[in-house]
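Shown next, in structure tokens, is the structure this report addresses.
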Amino acid sequence: MNERIQRLRQAFTASERQVDTERAVIVTRVYQQNEGKPQIIKRALAFDAILSEMTIEIRDDELIVGNHAQHRRGVPLFPEYAVDWILKDMDTFPTRIGDQFRITEEQTRVLREILPYWEGRCLRDKVMGAIPSFLKEMLDDGVIRNENFTMSGPGHMVPRYPELINQGLDSVIRTCKEKIVSLDPADLEYGEKYNFYQAGIIVCDALIKYANRFAEEACRQAREEADPKRQEELLRIASNCRRVPADAARDLWEALQFVYFVQLGIQIEANGLAIALGCPDQYLFPFYSKDLAAGHLTRDGAKELIECFYLKLNEIDKIYSNDATRYLQGPGHGQTITLGGVTRDGCDAVNELSYLMLEADRDIGLVQPDIAVKIARVTPNSFVREACKNSRAGLTKPKFFNDEVVIQSVMNIGIPLEDARDWGALGCSEPVVNGKTNSWGNSGHLNLAKCLELALHDGKCMITGKQLGPNTGDASKFTCFDQVLRAFKAQVQYFVKHIALFDNILDRLHAENAPLAFYSVALADCIDKGAHANKGGARYNTTSPLGI
């Protein structure tokens with residue numbers, strides 16, 4: 001890596017992880033001031049206020065800009081989803097086992113002042129009030145769990161980046177306005193669709209204004225900058241931020257900046273895990289090749305921009321409860337880049353940018369972005385060897401996927417071949433159709449070891465003696481292993497039905513209480529349907545709990 005990237009990487013790794021209360025304060029105030037408004041409008045207004053008021057900064061050496069929080073490694077809080085764990089755990093954030101975050105006495109004072117407003121109003125409280133007692137008992141006893149989806153948005157999606165970066169958010173705003181004009185006031189869904197389109201306009205305009213704040217800050221710094229080279233960079237950053245995400249990107253620098261602004265928008269709106277980036281070697285390659293052909297950029301210059309982008313992805317971080325940090329530690333949040341494989345028409349998708357993105361990841365050597373490599377029959381051996389260099393470097397990535405097996409598995413759930421080929425990895429290993437899937441991936445955990453315990457004790461818990469599962473027989477009288485398997489499968493099937501019940505309750509309450517306008521703008525078909533993602537607006541919708 002060059003000297004700039006070394007300095008940026010050192011500044012990042014030397015930074016302390018810390019809590020940021022700005023977002024919590026702003027979202028609380030907006031909700032208090034707009035209690036009578038529809039939820040999707042209220043959330044859109046909160047999004048606008050956060051991006052308008054949060055502290056921003058352009059740091060030394062940066063070429064890609066944007067802040068997830070007030071500090072380089074700050075973590076915002078999302079009280080509209082859950083507050084119980086914050087109130088209970090915040091005093092131990094700096095000292096607990098697991099992920100530690102600095103929090104000041106003033107911040108804890110502010111949180112104790114504002115968080116009680118959310119008791120009974122936040123999503124988790126509504127969920128716990130809606131579930132039947134027998135389901136709550138299963139949660140308390142650790143047979144099933146869905147921690148993430150009661151404290152954040154669903155996440156687990158790939159935005160429609162190829163469309164967005166080639167159209168711009170002004171185009172989305174125009175479409176929403178046209179859709180409003182075309183609505184039939186007599187339609188039973190008029191109100192919901194009208195509010196959705198209004199919210200879409202608000203959130204897109206909010207991100208555009210957010211970018212313009214960085215344009216103004218870059219100009220301010222340029223006026224005070226003594227180094228002519230850095231002054232030129234700051235003026236270019238200002239130009240980029242005036243251009244994107246309002247309009248279509250024109251070159252690689254603008255395209256990377258566009259993508260980062262959208263990543264930030266989705267994260268700041270709802271804190272969801274696994275906001276992946278799809279196949280950037282495909283949708284960024286036209287910008288890269290055009291820049292090189294025109295002499296506007298060298299290969300080394302492109303790598304520097306990509307490495308600046310990778311470092312900014314690492315700034316997006318999350319904080320969990322003390323209980324959750326037992327199994328959710330470290331800053332890995334599933335911002336996966338998928339490289340290689342085949343194109344929508346079945347041809348080799350590997351290009352020069354595929355190699356460059358792997359090389360940049362070896363230089364940076366941090367947790368984000370996660371890298372997934374698709375291997376097909378047509379994939380060049382040279383690309384496989386290049387990906388293996390990353391593994392050999394001890395990066396614990398990339399993860400390798402048999403492209404043809406995954407394509408077939410995606411087709412097996414009814415997705416057409418061209419869309420199935422256009423899959424991207426998110427989270428740990430989940431394939432989704434890029435830009436078209438609202439995936440409730442990781443939507444809960446089923447404790448398979450507990451199911452085995454219950455199978456061996458006729459459905460009773462060894463710890464409490466309570467009857468948690470169905471009666472499946474006295475294992476001391478089993479005469480063959482098949483009886484153990486049948487008892488185990490019966491326990492699993494029983495709890496699978498109940499995790500489905502829990503997810504259905506969560507799904508409805510997310511749709512009613514935490515609709516996501518910007519998340520929905522970033523997915524195909526939501527605008528055409530006039531429905532946000534949690535109301536079925538996306539083209540493909542899946543739910544994927546995990547057996548653990």
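How things are named: the first chain in the structure tokens is A, the next is B, and so on; residues count from 1 in each chain; ligands count from 1 in the order shown.
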For range 9-101 of chain A versus range 151-160 of chain A, which residues have an atom no more than 10 Å away, and what is each residue's nearest atom pair and distance in Å rounded to one decimal, using only C-alpha atoms, chain-then-number order, as JSON lines?
{"residue": "A:Leu77", "atom": "CA", "partner": "A:Ser152", "partner_atom": "CA", "distance": 9.8}
{"residue": "A:Phe78", "atom": "CA", "partner": "A:Ser152", "partner_atom": "CA", "distance": 7.3}
{"residue": "A:Pro79", "atom": "CA", "partner": "A:Met151", "partner_atom": "CA", "distance": 8.4}
{"residue": "A:Glu80", "atom": "CA", "partner": "A:Met151", "partner_atom": "CA", "distance": 8.5}
{"residue": "A:Tyr81", "atom": "CA", "partner": "A:Met151", "partner_atom": "CA", "distance": 4.8}
{"residue": "A:Ala82", "atom": "CA", "partner": "A:Met151", "partner_atom": "CA", "distance": 5.1}
{"residue": "A:Val83", "atom": "CA", "partner": "A:Met151", "partner_atom": "CA", "distance": 8.4}
{"residue": "A:Asp84", "atom": "CA", "partner": "A:Met151", "partner_atom": "CA", "distance": 9.9}
{"residue": "A:Trp85", "atom": "CA", "partner": "A:Met151", "partner_atom": "CA", "distance": 9.3}
Next, the residues of the selection above should be written as a CSV table (one decimal), in the first residue's frame with N, CA and C atoms.
chain,number,residue,atom,x,y,z
A,77,LEU,N,-26.7,4.7,18.2
A,77,LEU,CA,-27.7,3.9,18.9
A,77,LEU,C,-29.1,4.1,18.3
A,78,PHE,N,-29.9,3.0,18.4
A,78,PHE,CA,-31.2,3.0,17.7
A,78,PHE,C,-32.3,2.7,18.7
A,79,PRO,N,-32.7,3.7,19.5
A,79,PRO,CA,-33.7,3.4,20.5
A,79,PRO,C,-35.1,3.1,20.1
A,80,GLU,N,-35.4,3.4,18.8
A,80,GLU,CA,-36.7,3.0,18.3
A,80,GLU,C,-36.9,1.5,18.2
A,81,TYR,N,-35.8,0.8,18.2
A,81,TYR,CA,-35.8,-0.7,18.1
A,81,TYR,C,-35.8,-1.3,19.5
A,82,ALA,N,-34.9,-0.9,20.4
A,82,ALA,CA,-34.8,-1.5,21.7
A,82,ALA,C,-34.0,-0.6,22.6
A,83,VAL,N,-34.5,-0.5,23.9
A,83,VAL,CA,-33.7,0.4,24.9
A,83,VAL,C,-33.4,-0.4,26.1
A,84,ASP,N,-34.0,-1.5,26.4
A,84,ASP,CA,-33.8,-2.2,27.7
A,84,ASP,C,-32.4,-2.6,27.9
A,85,TRP,N,-31.7,-3.1,26.8
A,85,TRP,CA,-30.3,-3.5,27.0
A,85,TRP,C,-29.4,-2.3,27.1
When you look at Pro162 in chain A with a cut-off of 9 Å (counting only C-alpha atoms), what residues show up, excluding the ones that are within fewer than 2 positions of it in the same chain? I need them as number ranges by chain.
A: 159-160, 164-167, 280, 282-284, 435
Go ahead and save the picked residues with N, CA, C and O atoms, as a PDB file, in the first residue's frame.
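As written to disk, result-v2.pdb reads:
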ATOM      1  N   PRO A 159     -28.198  -3.633  -2.257  1.00  0.00           N
ATOM      2  CA  PRO A 159     -28.886  -2.560  -2.980  1.00  0.00           C
ATOM      3  C   PRO A 159     -28.754  -2.723  -4.498  1.00  0.00           C
ATOM      4  O   PRO A 159     -27.830  -3.378  -4.993  1.00  0.00           O
ATOM      5  N   ARG A 160     -29.639  -2.088  -5.206  1.00  0.00           N
ATOM      6  CA  ARG A 160     -29.611  -2.150  -6.680  1.00  0.00           C
ATOM      7  C   ARG A 160     -28.595  -1.132  -7.210  1.00  0.00           C
ATOM      8  O   ARG A 160     -28.931  -0.200  -7.938  1.00  0.00           O
ATOM      9  N   LEU A 164     -28.817   2.442  -9.459  1.00  0.00           N
ATOM     10  CA  LEU A 164     -28.723   3.692  -8.709  1.00  0.00           C
ATOM     11  C   LEU A 164     -27.568   4.552  -9.178  1.00  0.00           C
ATOM     12  O   LEU A 164     -27.723   5.756  -9.405  1.00  0.00           O
ATOM     13  N   ILE A 165     -26.372   3.953  -9.344  1.00  0.00           N
ATOM     14  CA  ILE A 165     -25.214   4.775  -9.689  1.00  0.00           C
ATOM     15  C   ILE A 165     -25.270   5.259 -11.134  1.00  0.00           C
ATOM     16  O   ILE A 165     -24.578   6.213 -11.487  1.00  0.00           O
ATOM     17  N   ASN A 166     -26.117   4.645 -11.951  1.00  0.00           N
ATOM     18  CA  ASN A 166     -26.255   5.098 -13.340  1.00  0.00           C
ATOM     19  C   ASN A 166     -27.484   5.981 -13.553  1.00  0.00           C
ATOM     20  O   ASN A 166     -27.732   6.428 -14.682  1.00  0.00           O
ATOM     21  N   GLN A 167     -28.250   6.240 -12.486  1.00  0.00           N
ATOM     22  CA  GLN A 167     -29.429   7.102 -12.591  1.00  0.00           C
ATOM     23  C   GLN A 167     -29.373   8.274 -11.618  1.00  0.00           C
ATOM     24  O   GLN A 167     -29.701   9.394 -11.989  1.00  0.00           O
ATOM     25  N   PRO A 280     -19.311  -5.674  -7.335  1.00  0.00           N
ATOM     26  CA  PRO A 280     -18.773  -4.391  -7.794  1.00  0.00           C
ATOM     27  C   PRO A 280     -17.768  -4.521  -8.929  1.00  0.00           C
ATOM     28  O   PRO A 280     -17.552  -3.550  -9.674  1.00  0.00           O
ATOM     29  N   GLN A 282     -18.356  -6.016 -11.465  1.00  0.00           N
ATOM     30  CA  GLN A 282     -19.202  -5.908 -12.659  1.00  0.00           C
ATOM     31  C   GLN A 282     -19.721  -4.485 -12.856  1.00  0.00           C
ATOM     32  O   GLN A 282     -19.543  -3.885 -13.919  1.00  0.00           O
ATOM     33  N   TYR A 283     -20.335  -3.906 -11.820  1.00  0.00           N
ATOM     34  CA  TYR A 283     -20.976  -2.608 -12.053  1.00  0.00           C
ATOM     35  C   TYR A 283     -20.004  -1.429 -11.993  1.00  0.00           C
ATOM     36  O   TYR A 283     -20.326  -0.343 -12.483  1.00  0.00           O
ATOM     37  N   LEU A 284     -18.805  -1.632 -11.442  1.00  0.00           N
ATOM     38  CA  LEU A 284     -17.805  -0.554 -11.444  1.00  0.00           C
ATOM     39  C   LEU A 284     -16.836  -0.657 -12.613  1.00  0.00           C
ATOM     40  O   LEU A 284     -16.127   0.318 -12.911  1.00  0.00           O
ATOM     41  N   GLY A 435     -29.898  -6.701  -5.612  1.00  0.00           N
ATOM     42  CA  GLY A 435     -30.801  -5.583  -5.814  1.00  0.00           C
ATOM     43  C   GLY A 435     -32.277  -5.919  -5.849  1.00  0.00           C
ATOM     44  O   GLY A 435     -33.107  -5.019  -5.959  1.00  0.00           O
TER      45      GLY A 435
END
As a PyMOL selection string, list the residues of range 149-269 of chain A assigned to helix (DSSP H, G or I) by DSSP on the backbone atoms of this structure.
chain A and resi 149-151+161-167+169-182+190-224+228-243+252-269
Closest pair table for range 207-276 of chain A residues within 12 Å of range 364-370 of chain A, only C-alpha atoms, as a tab-separated table:
residue	atom	partner	partner_atom	distance
A:Ala274	CA	A:Asp370	CA	9.8
A:Ile275	CA	A:Pro369	CA	10.6
A:Ala276	CA	A:Asp370	CA	8.7
Return as a ChimeraX atom specification the full set of residues in range 362-453 of chain A whose backbone-based DSSP assignment is strand (DSSP E or B).
/A:370-375,399-402,423-426,430-433,437-446
Output for the residues just chosen: N, CA, C and O atoms as a short mmCIF file (atom, residue, chain, number, x, y, z; two decimals), in the first residue's frame:
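part.cif, written as the output of this step:
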data_model
loop_
_atom_site.label_atom_id
_atom_site.label_comp_id
_atom_site.auth_asym_id
_atom_site.auth_seq_id
_atom_site.Cartn_x
_atom_site.Cartn_y
_atom_site.Cartn_z
N ASP A 370 -15.97 -8.06 3.64
CA ASP A 370 -15.91 -9.50 3.48
C ASP A 370 -15.80 -9.76 1.97
O ASP A 370 -16.32 -8.99 1.17
N ILE A 371 -15.11 -10.82 1.60
CA ILE A 371 -14.92 -11.13 0.18
C ILE A 371 -15.46 -12.52 -0.10
O ILE A 371 -15.14 -13.49 0.60
N ALA A 372 -16.30 -12.62 -1.12
CA ALA A 372 -16.78 -13.91 -1.62
C ALA A 372 -16.32 -14.08 -3.06
O ALA A 372 -16.43 -13.14 -3.86
N VAL A 373 -15.81 -15.23 -3.39
CA VAL A 373 -15.34 -15.51 -4.75
C VAL A 373 -16.17 -16.65 -5.34
O VAL A 373 -16.32 -17.71 -4.74
N LYS A 374 -16.75 -16.38 -6.51
CA LYS A 374 -17.54 -17.38 -7.21
C LYS A 374 -16.65 -18.08 -8.24
O LYS A 374 -16.01 -17.43 -9.06
N ILE A 375 -16.63 -19.41 -8.17
CA ILE A 375 -15.83 -20.21 -9.09
C ILE A 375 -16.75 -21.01 -10.01
O ILE A 375 -17.59 -21.78 -9.53
N LYS A 399 -14.11 -16.27 0.93
CA LYS A 399 -14.82 -17.54 0.99
C LYS A 399 -15.13 -17.94 -0.45
O LYS A 399 -15.48 -17.10 -1.27
N PHE A 400 -15.00 -19.22 -0.75
CA PHE A 400 -15.14 -19.70 -2.11
C PHE A 400 -16.49 -20.40 -2.29
O PHE A 400 -16.90 -21.20 -1.45
N PHE A 401 -17.15 -20.08 -3.40
CA PHE A 401 -18.45 -20.67 -3.72
C PHE A 401 -18.40 -21.34 -5.09
O PHE A 401 -17.89 -20.74 -6.05
N ASN A 402 -18.97 -22.52 -5.18
CA ASN A 402 -19.18 -23.16 -6.49
C ASN A 402 -20.36 -22.44 -7.15
O ASN A 402 -21.51 -22.62 -6.76
N TRP A 423 -26.28 -13.45 -8.63
CA TRP A 423 -26.41 -13.54 -7.17
C TRP A 423 -25.16 -12.96 -6.50
O TRP A 423 -24.07 -12.97 -7.06
N GLY A 424 -25.40 -12.46 -5.30
CA GLY A 424 -24.30 -11.98 -4.48
C GLY A 424 -24.41 -12.60 -3.10
O GLY A 424 -25.51 -12.92 -2.63
N ALA A 425 -23.28 -12.76 -2.45
CA ALA A 425 -23.26 -13.34 -1.10
C ALA A 425 -23.45 -12.24 -0.07
O ALA A 425 -22.98 -11.12 -0.24
N LEU A 426 -24.16 -12.57 1.00
CA LEU A 426 -24.25 -11.63 2.12
C LEU A 426 -24.21 -12.41 3.43
O LEU A 426 -24.43 -13.63 3.46
N GLU A 430 -25.10 -16.55 2.60
CA GLU A 430 -26.41 -16.57 1.93
C GLU A 430 -26.36 -15.95 0.54
O GLU A 430 -25.88 -14.83 0.37
N PRO A 431 -26.83 -16.66 -0.49
CA PRO A 431 -26.91 -16.07 -1.82
C PRO A 431 -28.26 -15.38 -2.03
O PRO A 431 -29.31 -15.94 -1.73
N VAL A 432 -28.22 -14.16 -2.55
CA VAL A 432 -29.45 -13.44 -2.89
C VAL A 432 -29.29 -12.82 -4.27
O VAL A 432 -28.18 -12.57 -4.72
N VAL A 433 -30.41 -12.58 -4.93
CA VAL A 433 -30.36 -11.90 -6.22
C VAL A 433 -30.06 -10.43 -5.96
O VAL A 433 -30.79 -9.76 -5.23
N THR A 437 -33.75 -8.71 -3.73
CA THR A 437 -34.16 -9.63 -2.67
C THR A 437 -34.26 -8.93 -1.33
O THR A 437 -33.29 -8.32 -0.87
N ASN A 438 -35.42 -9.04 -0.69
CA ASN A 438 -35.57 -8.66 0.71
C ASN A 438 -35.41 -9.94 1.52
O ASN A 438 -36.35 -10.72 1.68
N SER A 439 -34.20 -10.14 2.00
CA SER A 439 -33.87 -11.42 2.62
C SER A 439 -33.82 -11.27 4.13
O SER A 439 -32.98 -10.55 4.65
N TRP A 440 -34.70 -11.95 4.81
CA TRP A 440 -34.59 -12.02 6.27
C TRP A 440 -33.60 -13.12 6.62
O TRP A 440 -33.94 -14.10 7.26
N GLY A 441 -32.36 -12.96 6.16
CA GLY A 441 -31.33 -13.92 6.50
C GLY A 441 -30.99 -13.82 7.97
O GLY A 441 -31.09 -12.77 8.58
N ASN A 442 -30.57 -14.94 8.55
CA ASN A 442 -30.22 -14.98 9.97
C ASN A 442 -31.39 -14.53 10.84
O ASN A 442 -31.22 -13.91 11.88
N SER A 443 -32.59 -14.88 10.40
CA SER A 443 -33.79 -14.41 11.11
C SER A 443 -34.15 -15.37 12.24
O SER A 443 -35.21 -15.98 12.27
N GLY A 444 -33.25 -15.48 13.17
CA GLY A 444 -33.51 -16.30 14.33
C GLY A 444 -32.64 -17.55 14.38
O GLY A 444 -32.11 -18.00 13.36
N HIS A 445 -32.49 -18.08 15.57
CA HIS A 445 -31.66 -19.25 15.80
C HIS A 445 -32.46 -20.35 16.48
O HIS A 445 -33.23 -20.08 17.40
N LEU A 446 -32.27 -21.56 16.02
CA LEU A 446 -32.85 -22.75 16.65
C LEU A 446 -31.71 -23.54 17.27
O LEU A 446 -30.77 -23.95 16.57
#
Identify, on the basis of only C-alpha atoms, every residue whose closest approach to range 242-257 of chain A does not exceed 10 Å; exclude the query and any residue fewer than 2 positions from it along the same chain; express the result as JSON, numbers by chain.
{"A": [63, 64, 65, 66, 161, 162, 163, 164, 165, 166, 167, 168, 169, 170, 171, 172, 173, 204, 205, 207, 208, 209, 210, 211, 212, 213, 214, 215, 216, 236, 237, 238, 239, 240, 259, 260, 261, 262, 263, 280, 283, 284, 285, 286, 287, 288, 289, 290, 291, 292, 296, 297, 301, 302, 305, 306, 308, 309, 310]}
Residues within 12 Å of Gly473 in chain A, please, as a list in words. Count only C-alpha atoms; anything in the same chain fewer than 3 positions from it doesn't count.
Leu454, Ala455, Leu456, His457, Asp458, Gly459, Lys460, Gly469, Pro470, Ser476, Lys477, Phe478, Thr479, Gln483, Val484, Leu485, Arg486, Ala487, Phe488, Ala490 and Gln491 of chain A
